[in-house]
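S.K.: Input file: coords31.pdb. Contents: PDB, C-alpha atoms, pLDDT in the B column.
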```pdb
MODEL        1
ATOM      1  CA  MET A  14      59.599 -85.496 100.817  1.00 62.00           C
ATOM      2  CA  HIS A  15      59.052 -84.848 104.541  1.00 65.00           C
ATOM      3  CA  SER A  16      55.307 -84.331 103.994  1.00 78.00           C
ATOM      4  CA  LEU A  17      55.134 -87.638 102.107  1.00 80.00           C
ATOM      5  CA  PHE A  18      56.403 -89.482 105.184  1.00 79.00           C
ATOM      6  CA  GLY A  19      53.949 -87.612 107.398  1.00 78.00           C
ATOM      7  CA  ARG A  20      50.980 -88.567 105.234  1.00 84.00           C
ATOM      8  CA  HIS A  21      51.836 -92.273 105.284  1.00 83.00           C
ATOM      9  CA  ALA A  22      53.330 -92.692 108.748  1.00 84.00           C
ATOM     10  CA  LEU A  23      52.056 -95.313 111.156  1.00 85.00           C
ATOM     11  CA  THR A  24      52.769 -94.495 114.793  1.00 85.00           C
ATOM     12  CA  HIS A  25      53.135 -97.195 117.414  1.00 85.00           C
ATOM     13  CA  ARG A  26      53.533 -96.434 121.097  1.00 85.00           C
ATOM     14  CA  LEU A  27      55.666 -99.008 122.841  1.00 83.00           C
ATOM     15  CA  VAL A  28      55.303 -99.763 126.534  1.00 84.00           C
ATOM     16  CA  PRO A  29      58.240-100.728 128.770  1.00 79.00           C
ATOM     17  CA  GLY A  30      59.409-104.139 127.640  1.00 82.00           C
ATOM     18  CA  GLY A  31      57.751-103.684 124.229  1.00 83.00           C
ATOM     19  CA  LEU A  32      59.412-104.726 120.984  1.00 82.00           C
ATOM     20  CA  ALA A  33      59.106-103.422 117.432  1.00 83.00           C
ATOM     21  CA  ILE A  34      60.542-105.447 114.566  1.00 82.00           C
ATOM     22  CA  VAL A  35      61.194-103.501 111.358  1.00 82.00           C
ATOM     23  CA  ASP A  36      62.342-104.887 108.009  1.00 82.00           C
ATOM     24  CA  ASN A  37      64.775-102.218 106.817  1.00 79.00           C
ATOM     25  CA  SER A  38      64.626-103.550 103.259  1.00 79.00           C
ATOM     26  CA  VAL A  39      60.996-102.428 102.809  1.00 84.00           C
ATOM     27  CA  THR A  40      60.445 -99.510 105.179  1.00 84.00           C
ATOM     28  CA  THR A  41      61.913 -96.463 106.830  1.00 82.00           C
ATOM     29  CA  HIS A  42      61.572 -95.760 110.516  1.00 81.00           C
ATOM     30  CA  GLY A  43      62.349 -93.245 113.213  1.00 79.00           C
ATOM     31  CA  ARG A  44      61.316 -92.128 116.647  1.00 78.00           C
ATOM     32  CA  THR A  45      59.454 -89.114 117.901  1.00 78.00           C
ATOM     33  CA  ASP A  46      61.163 -86.171 119.595  1.00 80.00           C
ATOM     34  CA  PHE A  47      61.366 -86.056 123.344  1.00 79.00           C
ATOM     35  CA  THR A  48      62.999 -83.885 125.980  1.00 86.00           C
ATOM     36  CA  PRO A  49      65.272 -85.960 128.234  1.00 87.00           C
ATOM     37  CA  ARG A  50      64.888 -85.576 131.987  1.00 89.00           C
ATOM     38  CA  TYR A  51      68.270 -87.142 132.912  1.00 90.00           C
ATOM     39  CA  ASP A  52      66.682 -88.589 136.034  1.00 92.00           C
ATOM     40  CA  GLY A  53      66.990 -92.298 135.178  1.00 87.00           C
ATOM     41  CA  ARG A  54      63.492 -92.524 133.686  1.00 84.00           C
ATOM     42  CA  ASP A  55      64.341 -91.511 130.115  1.00 83.00           C
ATOM     43  CA  ARG A  56      63.618 -93.961 127.331  1.00 73.00           C
ATOM     44  CA  TRP A  57      66.496 -95.853 125.785  1.00 75.00           C
ATOM     45  CA  LEU A  58      66.771 -96.856 122.159  1.00 70.00           C
ATOM     46  CA  GLN A  59      68.132-100.390 121.933  1.00 73.00           C
ATOM     47  CA  ARG A  60      68.556-102.418 118.807  1.00 73.00           C
ATOM     48  CA  SER A  61      69.395-105.851 117.580  1.00 76.00           C
ATOM     49  CA  PHE A  62      70.090-107.136 114.107  1.00 75.00           C
ATOM     50  CA  ALA A  63      68.985-110.245 112.244  1.00 77.00           C
ATOM     51  CA  ALA A  64      70.608-111.555 109.085  1.00 75.00           C
ATOM     52  CA  ARG A  65      69.064-113.623 106.327  1.00 78.00           C
ATOM     53  CA  ASP A  66      72.407-114.984 105.138  1.00 81.00           C
ATOM     54  CA  LEU A  67      75.346-115.280 107.544  1.00 80.00           C
ATOM     55  CA  ARG A  68      77.727-116.253 104.728  1.00 85.00           C
ATOM     56  CA  ARG A  69      78.070-112.621 103.629  1.00 84.00           C
ATOM     57  CA  SER A  70      79.399-111.621 107.064  1.00 84.00           C
ATOM     58  CA  LEU A  71      81.907-114.496 107.402  1.00 85.00           C
ATOM     59  CA  PRO A  72      84.996-112.248 106.973  1.00 86.00           C
ATOM     60  CA  HIS A  73      83.797-110.142 109.937  1.00 84.00           C
ATOM     61  CA  ARG A  74      83.093-113.065 112.312  1.00 84.00           C
ATOM     62  CA  PRO A  75      86.282-114.602 113.715  1.00 85.00           C
ATOM     63  CA  GLY A  76      86.133-118.396 113.920  1.00 86.00           C
ATOM     64  CA  ASP A  77      82.717-118.421 112.192  1.00 83.00           C
ATOM     65  CA  GLY A  78      81.243-117.098 115.482  1.00 81.00           C
ATOM     66  CA  HIS A  79      78.158-114.963 116.015  1.00 77.00           C
ATOM     67  CA  VAL A  80      79.920-111.680 116.906  1.00 76.00           C
ATOM     68  CA  LEU A  81      80.570-109.146 114.139  1.00 76.00           C
ATOM     69  CA  LEU A  82      83.786-107.148 114.300  1.00 77.00           C
ATOM     70  CA  GLY A  83      84.146-103.803 112.509  1.00 68.00           C
TER      71      GLY A  83
ENDMDL
END
```
How would this structure read if it were set down as structure tokens?

M.R.:
Amino acid sequence: MHSLFGRHALTHRLVPGGLAIVDNSVTTHGRTDFTPRYDGRDRWLQRSFAARDLRRSLPHRPGDGHVLLG
């Protein structure tokens, strides 16, 4: 299975301030290995989520707000 991913992988190098948008319903994704320096210049993995249908998350959003609670 691992070799299958390697044969079909597309690699994108992001620059500071770059953004990658991935549709998790049709793809798999990951990040390459790196050795952290712990000097304040290491890369950070940040994420955000988008929803197609907010109705499904209504029980987890108090007051019909935009913040999801566990």

S.K.: Given the file shown, determine the residues that the PyMOL selection byres ((chain A and resi 64) around 12) selects; report them as an MDAnalysis selection string.

M.R.: chainID A and resid 36:38 61:63 65:71 79 81

S.K.: Please list as a list in words every residue within 12 Å of Arg60 in chain A, counting only C-alpha atoms and excluding residues in the same chain fewer than 6 positions away.

M.R.: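 So, after excluding close chain neighbours, the residues are Leu32, Ala33, Ile34 and Val35 of chain A.
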
S.K.: How many Å separate CA of Leu23 in chain A from CA of Phe47 in chain A?

M.R.: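 Between these atoms lies a distance of 17.9 Å.
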
S.K.: Could you jot down the CA of Phe18 in chain A to CA of Arg50 in chain A separation for me, Å, one decimal place?

M.R.: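 So the two atoms, CA of Phe18 in chain A and CA of Arg50 in chain A, lie 28.4 Å apart.
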
S.K.: Is it possible to get the axis-aligned box enclosing range 26-45 of chain A (all listed atoms, 4 Å extra per side) as JSON, with centre and edge lengths in Å rounded to one decimal?

M.R.:
```
{"center_x": 59.2, "center_y": -97.3, "center_z": 115.8, "size_x": 19.2, "size_y": 24.3, "size_z": 34.0}
```

S.K.: Interatomic distance between CA of Asp77 in chain A and CA of Gln59 in chain A?

M.R.: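 Here the two named atoms are 25.2 Å from each other.
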
S.K.: Once the PyMOL selection byres ((chain A and resi 24) around 10) has been evaluated on this model, what residues remain selected, and can you format them as a PyMOL selection string?

M.R.: chain A and resi 21-23+25-27+42-45

S.K.: Counting all atoms listed in the file, which of A:Leu58, A:Thr41, A:Asp52, A:Pro75 gets nearest to Pro29 in chain A?

M.R.: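 Comparing A:Leu58, A:Thr41, A:Asp52, A:Pro75 against Pro29 in chain A, the winner is A:Leu58.
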
S.K.: Out of A:Val28, A:Pro72, A:Gly78, A:Val39, which residue has the shortest atom-to-atom distance to Trp57 in chain A when counting all atoms listed in the file?

M.R.: A:Val28
